[in-house]
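Colleague: Just one file: coords-v2.txt, with compact mmCIF, N, CA and C atoms.
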# COMPACT_ATOMS: atom_id res chain seq x y z
N MET A 1 5.39 20.53 41.51
CA MET A 1 4.61 19.34 41.70
C MET A 1 5.32 18.18 41.00
N THR A 2 5.40 17.06 41.67
CA THR A 2 6.07 15.90 41.09
C THR A 2 5.04 14.91 40.57
N ALA A 3 5.43 14.16 39.57
CA ALA A 3 4.54 13.15 39.00
C ALA A 3 4.43 11.97 39.95
N ARG A 4 3.25 11.41 40.04
CA ARG A 4 3.04 10.25 40.90
C ARG A 4 3.50 9.00 40.17
N ARG A 5 4.12 8.13 40.92
CA ARG A 5 4.60 6.89 40.35
C ARG A 5 3.73 5.75 40.85
N GLY A 6 3.49 4.79 39.98
CA GLY A 6 2.63 3.66 40.34
C GLY A 6 3.30 2.74 41.34
N PRO A 7 2.51 1.86 41.98
CA PRO A 7 3.08 0.97 43.00
C PRO A 7 4.07 -0.04 42.44
N GLY A 8 3.99 -0.37 41.17
CA GLY A 8 4.92 -1.35 40.59
C GLY A 8 6.10 -0.71 39.90
N ALA A 9 6.20 0.62 39.96
CA ALA A 9 7.29 1.32 39.27
C ALA A 9 8.62 1.08 40.00
N PRO A 10 9.70 0.93 39.24
CA PRO A 10 11.00 0.74 39.89
C PRO A 10 11.41 2.01 40.61
N PRO A 11 12.25 1.89 41.64
CA PRO A 11 12.69 3.09 42.36
C PRO A 11 13.49 4.00 41.44
N ARG A 12 13.35 5.27 41.66
CA ARG A 12 14.06 6.26 40.84
C ARG A 12 15.54 6.22 41.19
N ARG A 13 16.38 6.10 40.17
CA ARG A 13 17.82 6.02 40.40
C ARG A 13 18.41 7.42 40.51
N GLN A 14 19.39 7.57 41.35
CA GLN A 14 20.06 8.84 41.54
C GLN A 14 21.45 8.76 40.91
N PRO A 15 21.89 9.81 40.22
CA PRO A 15 23.21 9.76 39.59
C PRO A 15 24.33 9.83 40.63
N ARG A 16 25.43 9.17 40.33
CA ARG A 16 26.64 9.25 41.15
C ARG A 16 27.73 9.86 40.30
N ARG A 17 28.70 10.44 40.92
CA ARG A 17 29.80 11.08 40.21
C ARG A 17 31.00 10.15 40.18
N ARG A 18 30.89 9.05 39.47
CA ARG A 18 31.99 8.09 39.42
C ARG A 18 32.83 8.24 38.17
N ILE A 19 32.25 8.70 37.10
CA ILE A 19 32.99 8.93 35.86
C ILE A 19 33.11 10.43 35.71
N SER A 20 34.34 10.95 35.79
CA SER A 20 34.50 12.40 35.80
C SER A 20 34.43 13.02 34.41
N ARG A 21 35.07 12.40 33.43
CA ARG A 21 35.06 12.97 32.09
C ARG A 21 35.01 11.85 31.06
N LEU A 22 34.18 12.04 30.05
CA LEU A 22 34.00 11.02 29.03
C LEU A 22 34.40 11.59 27.69
N ARG A 23 35.21 10.84 26.95
CA ARG A 23 35.62 11.23 25.60
C ARG A 23 35.04 10.25 24.61
N TRP A 24 34.68 10.77 23.46
CA TRP A 24 34.23 9.91 22.38
C TRP A 24 35.40 9.68 21.45
N GLY A 25 35.29 8.69 20.60
CA GLY A 25 36.37 8.30 19.69
C GLY A 25 36.78 9.42 18.76
N ASP A 26 37.74 9.11 17.94
CA ASP A 26 38.31 10.09 17.03
C ASP A 26 37.56 10.17 15.71
N GLY A 27 36.34 9.68 15.67
CA GLY A 27 35.55 9.76 14.45
C GLY A 27 35.62 8.50 13.61
N THR A 28 36.36 7.51 14.04
CA THR A 28 36.49 6.28 13.27
C THR A 28 35.26 5.39 13.42
N GLY A 29 34.37 5.73 14.30
CA GLY A 29 33.16 4.95 14.49
C GLY A 29 33.24 4.11 15.75
N LEU A 30 32.12 3.96 16.38
CA LEU A 30 32.04 3.22 17.63
C LEU A 30 31.73 1.76 17.32
N ARG A 31 32.52 0.87 17.89
CA ARG A 31 32.19 -0.55 17.76
C ARG A 31 30.93 -0.78 18.57
N GLY A 32 29.96 -1.37 17.99
CA GLY A 32 28.68 -1.58 18.65
C GLY A 32 27.57 -0.89 17.89
N SER A 33 27.93 0.01 17.01
CA SER A 33 26.89 0.68 16.24
C SER A 33 26.21 -0.32 15.30
N ARG A 34 26.91 -1.41 14.97
CA ARG A 34 26.28 -2.47 14.17
C ARG A 34 25.17 -3.15 14.94
N GLN A 35 25.24 -3.13 16.26
CA GLN A 35 24.23 -3.77 17.10
C GLN A 35 23.11 -2.79 17.47
N GLY A 36 23.16 -1.60 16.93
CA GLY A 36 22.09 -0.65 17.17
C GLY A 36 22.19 0.10 18.47
N VAL A 37 23.35 0.16 19.09
CA VAL A 37 23.53 0.91 20.33
C VAL A 37 23.79 2.36 19.96
N LYS A 38 22.97 3.24 20.49
CA LYS A 38 23.09 4.66 20.18
C LYS A 38 23.91 5.37 21.26
N SER A 39 24.55 6.47 20.88
CA SER A 39 25.37 7.21 21.84
C SER A 39 24.54 7.72 23.01
N ALA A 40 23.29 8.08 22.78
CA ALA A 40 22.43 8.55 23.87
C ALA A 40 22.18 7.44 24.89
N GLU A 41 22.07 6.19 24.43
CA GLU A 41 21.89 5.06 25.35
C GLU A 41 23.15 4.83 26.18
N ILE A 42 24.31 4.96 25.54
CA ILE A 42 25.57 4.80 26.26
C ILE A 42 25.70 5.87 27.34
N GLU A 43 25.41 7.11 26.99
CA GLU A 43 25.50 8.19 27.97
C GLU A 43 24.53 7.98 29.12
N GLU A 44 23.35 7.48 28.82
CA GLU A 44 22.37 7.22 29.87
C GLU A 44 22.86 6.14 30.84
N VAL A 45 23.40 5.06 30.30
CA VAL A 45 23.92 3.98 31.15
C VAL A 45 25.05 4.51 32.04
N LEU A 46 25.94 5.30 31.48
CA LEU A 46 27.08 5.80 32.24
C LEU A 46 26.67 6.87 33.26
N ARG A 47 25.58 7.56 33.00
CA ARG A 47 25.13 8.61 33.90
C ARG A 47 24.45 8.04 35.14
N TRP A 48 23.75 6.91 35.00
CA TRP A 48 22.92 6.39 36.08
C TRP A 48 23.53 5.19 36.78
N ASP A 49 24.58 5.42 37.52
CA ASP A 49 25.13 4.44 38.46
C ASP A 49 25.41 3.07 37.86
N PRO A 50 26.29 2.97 36.87
CA PRO A 50 26.61 1.64 36.33
C PRO A 50 27.52 0.88 37.29
N TYR A 51 27.53 -0.42 37.15
CA TYR A 51 28.50 -1.24 37.87
C TYR A 51 29.79 -1.18 37.08
N LEU A 52 30.85 -0.65 37.70
CA LEU A 52 32.13 -0.49 37.01
C LEU A 52 33.09 -1.57 37.44
N ARG A 53 33.80 -2.13 36.48
CA ARG A 53 34.79 -3.17 36.76
C ARG A 53 36.01 -2.91 35.90
N SER A 54 37.19 -2.92 36.53
CA SER A 54 38.42 -2.70 35.80
C SER A 54 39.20 -4.00 35.72
N ASP A 55 39.88 -4.21 34.61
CA ASP A 55 40.67 -5.43 34.47
C ASP A 55 42.10 -5.23 34.94
N GLY A 56 42.37 -4.12 35.60
CA GLY A 56 43.70 -3.87 36.13
C GLY A 56 44.59 -3.08 35.19
N SER A 57 44.28 -3.08 33.92
CA SER A 57 45.07 -2.30 32.98
C SER A 57 44.32 -1.01 32.69
N SER A 58 44.20 -0.66 31.45
CA SER A 58 43.56 0.61 31.12
C SER A 58 42.10 0.44 30.70
N ARG A 59 41.56 -0.76 30.79
CA ARG A 59 40.19 -1.00 30.33
C ARG A 59 39.22 -1.02 31.52
N VAL A 60 38.07 -0.39 31.33
CA VAL A 60 37.00 -0.37 32.33
C VAL A 60 35.73 -0.86 31.66
N LEU A 61 35.02 -1.77 32.33
CA LEU A 61 33.74 -2.28 31.83
C LEU A 61 32.63 -1.68 32.66
N ALA A 62 31.62 -1.14 32.01
CA ALA A 62 30.48 -0.54 32.70
C ALA A 62 29.23 -1.33 32.33
N TYR A 63 28.55 -1.86 33.35
CA TYR A 63 27.33 -2.64 33.17
C TYR A 63 26.17 -1.80 33.68
N GLY A 64 25.14 -1.62 32.87
CA GLY A 64 23.99 -0.83 33.31
C GLY A 64 22.82 -0.97 32.37
N ALA A 65 21.72 -0.31 32.74
CA ALA A 65 20.49 -0.38 31.95
C ALA A 65 20.00 1.01 31.60
N THR A 66 19.31 1.10 30.49
CA THR A 66 18.69 2.35 30.08
C THR A 66 17.34 2.47 30.77
N SER A 67 16.71 3.62 30.64
CA SER A 67 15.39 3.81 31.24
C SER A 67 14.33 2.96 30.55
N HIS A 68 14.63 2.47 29.36
CA HIS A 68 13.70 1.60 28.63
C HIS A 68 13.95 0.13 28.91
N GLY A 69 14.89 -0.17 29.82
CA GLY A 69 15.14 -1.55 30.22
C GLY A 69 16.13 -2.30 29.36
N ARG A 70 16.88 -1.61 28.52
CA ARG A 70 17.89 -2.27 27.69
C ARG A 70 19.18 -2.37 28.50
N PHE A 71 19.68 -3.59 28.70
CA PHE A 71 20.90 -3.82 29.47
C PHE A 71 22.11 -3.78 28.54
N LEU A 72 23.05 -2.88 28.84
CA LEU A 72 24.22 -2.69 27.98
C LEU A 72 25.52 -2.89 28.74
N LEU A 73 26.51 -3.38 28.02
CA LEU A 73 27.89 -3.43 28.49
C LEU A 73 28.66 -2.42 27.65
N VAL A 74 29.30 -1.46 28.32
CA VAL A 74 30.07 -0.42 27.65
C VAL A 74 31.54 -0.62 28.01
N VAL A 75 32.39 -0.69 27.00
CA VAL A 75 33.83 -0.85 27.21
C VAL A 75 34.46 0.53 27.08
N LEU A 76 35.23 0.90 28.12
CA LEU A 76 35.91 2.20 28.16
C LEU A 76 37.41 1.97 28.29
N ARG A 77 38.19 2.89 27.81
CA ARG A 77 39.64 2.82 27.95
C ARG A 77 40.11 4.14 28.55
N ARG A 78 41.05 4.04 29.48
CA ARG A 78 41.58 5.26 30.09
C ARG A 78 42.32 6.07 29.04
N ALA A 79 41.97 7.37 28.98
CA ALA A 79 42.57 8.26 27.98
C ALA A 79 43.34 9.39 28.66
N GLY A 80 43.61 9.25 29.91
CA GLY A 80 44.32 10.26 30.68
C GLY A 80 44.07 10.00 32.16
N PRO A 81 44.59 10.85 33.01
CA PRO A 81 44.44 10.60 34.44
C PRO A 81 42.98 10.61 34.92
N ARG A 82 42.13 11.42 34.28
CA ARG A 82 40.73 11.49 34.71
C ARG A 82 39.76 11.24 33.56
N ASP A 83 40.25 10.90 32.40
CA ASP A 83 39.40 10.75 31.22
C ASP A 83 39.20 9.29 30.84
N LEU A 84 38.00 8.98 30.37
CA LEU A 84 37.70 7.66 29.82
C LEU A 84 37.17 7.85 28.41
N ARG A 85 37.57 6.94 27.51
CA ARG A 85 37.12 6.99 26.12
C ARG A 85 36.24 5.78 25.85
N VAL A 86 35.11 6.01 25.20
CA VAL A 86 34.21 4.92 24.84
C VAL A 86 34.83 4.14 23.68
N VAL A 87 34.97 2.82 23.86
CA VAL A 87 35.56 1.97 22.84
C VAL A 87 34.49 1.16 22.12
N ALA A 88 33.60 0.54 22.88
CA ALA A 88 32.58 -0.33 22.29
C ALA A 88 31.39 -0.44 23.23
N ALA A 89 30.28 -0.90 22.69
CA ALA A 89 29.08 -1.14 23.49
C ALA A 89 28.28 -2.25 22.83
N ARG A 90 27.61 -3.05 23.67
CA ARG A 90 26.79 -4.13 23.15
C ARG A 90 25.74 -4.49 24.19
N ASP A 91 24.74 -5.26 23.76
CA ASP A 91 23.75 -5.78 24.69
C ASP A 91 24.42 -6.82 25.58
N MET A 92 23.99 -6.89 26.83
CA MET A 92 24.53 -7.90 27.74
C MET A 92 24.01 -9.28 27.37
N THR A 93 24.81 -10.28 27.70
CA THR A 93 24.35 -11.66 27.56
C THR A 93 23.36 -11.95 28.70
N ASP A 94 22.64 -13.05 28.62
CA ASP A 94 21.69 -13.41 29.68
C ASP A 94 22.41 -13.54 31.02
N ARG A 95 23.57 -14.13 31.01
CA ARG A 95 24.33 -14.33 32.25
C ARG A 95 24.75 -12.98 32.86
N GLU A 96 25.24 -12.07 32.02
CA GLU A 96 25.63 -10.74 32.50
C GLU A 96 24.41 -9.98 33.03
N ARG A 97 23.29 -10.10 32.35
CA ARG A 97 22.06 -9.43 32.77
C ARG A 97 21.60 -9.94 34.13
N ASP A 98 21.63 -11.27 34.33
CA ASP A 98 21.23 -11.84 35.61
C ASP A 98 22.14 -11.39 36.74
N ALA A 99 23.44 -11.33 36.47
CA ALA A 99 24.39 -10.87 37.49
C ALA A 99 24.18 -9.41 37.83
N THR A 100 23.87 -8.59 36.84
CA THR A 100 23.62 -7.17 37.07
C THR A 100 22.34 -6.98 37.88
N ARG A 101 21.32 -7.74 37.57
CA ARG A 101 20.07 -7.65 38.34
C ARG A 101 20.31 -8.08 39.79
N ALA A 102 21.15 -9.09 40.01
CA ALA A 102 21.43 -9.56 41.36
C ALA A 102 22.13 -8.48 42.19
N LEU A 103 22.87 -7.60 41.52
CA LEU A 103 23.54 -6.50 42.21
C LEU A 103 22.57 -5.37 42.54
N GLY A 104 21.37 -5.44 41.99
CA GLY A 104 20.38 -4.40 42.23
C GLY A 104 20.58 -3.18 41.37
N ARG A 105 21.17 -3.32 40.21
CA ARG A 105 21.44 -2.19 39.32
C ARG A 105 20.38 -2.09 38.27
Any chance you could put this one into structure tokens?
Modeller:
Amino acid sequence: MTARRGPGAPPRRQPRRRISRLRWGDGTGLRGSRQGVKSAEIEEVLRWDPYLRSDGSSRVLAYGATSHGRFLLVVLRRAGPRDLRVVAARDMTDRERDATRALGR
């Protein structure tokens, strides 16, 4: 039996397999922990269909929201042919949040 969702509830998001493997740092600490971003929030954003943007080099930016409505920007760096390493995370600016909402994410 599935739980009923109210008429104003957002549509349930389905995971996509866009990030194959995720690595965490070498224990030196995650930039963004000063802003209160938890690793569970980062994993949630990356699991649920983030908007991914690459700058052409080894850096990937992931824009997404948690189930509690917190909009995060996660910075990843390529750590191998199929691996990405989490470098930093922070709350999105108002402009980034508006652009992400316009994409329907």
Colleague: Using only C-alpha atoms, pick whichever of A:Ser58, A:Trp48, A:His68, A:Arg53 has the shortest atom-to-atom distance to Gly80 of chain A.
Modeller: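 The closest residue to Gly80 of chain A is A:Ser58.
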Colleague: Using 3 Å of padding on each side, determine the axis-aligned box around all atoms of segment 100-105 of chain A present in the file and give its centre and edge lengths in Å to one decimal, as AutoDock Vina command-line options.
Modeller:
--center_x 22.0 --center_y -5.8 --center_z 39.7 --size_x 9.8 --size_y 13.5 --size_z 11.7
Colleague: Hey, can you check how far atom CA of Gly64 of chain A sits from atom CA of Ala99 of chain A?
Modeller: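 Here the two named atoms are 10.9 Å from each other.
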Colleague: One decimal, in Å: what's the spacing between atom CA of Glu96 of chain A and atom CA of Asp83 of chain A?
Modeller: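 The value is 25.6 Å.
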Colleague: Using DSSP on the backbone coordinates, identify all residues within segment 59-98 of chain A classified as strand (DSSP E or B); present the result as a list in words.
Modeller: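 The strand (DSSP E or B) subset of segment 59-98 of chain A is Arg59, Val60, Leu61, Ala62, Tyr63, Gly64, Ala65, Phe71, Leu72, Leu73, Val74, Val75, Leu76, Arg77, Arg78, Asp83, Leu84, Arg85, Val86, Val87, Ala88, Ala89, Arg90 and Asp91 of chain A.
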Colleague: Pick out the residues sitting within 8 Å of Gly36 of chain A, and hand them over as a list in words; count only N, CA and C atoms, and ignore anything fewer than 6 positions along from it in its own chain.
Modeller: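 That gives Ala89, Arg90 and Asp91 of chain A.
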Colleague: Mind pulling up the distance from atom N of Arg82 of chain A to atom N of Leu46 of chain A?
Modeller: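 For atom N of Leu46 of chain A relative to atom N of Arg82 of chain A, the distance reads 17.5 Å.
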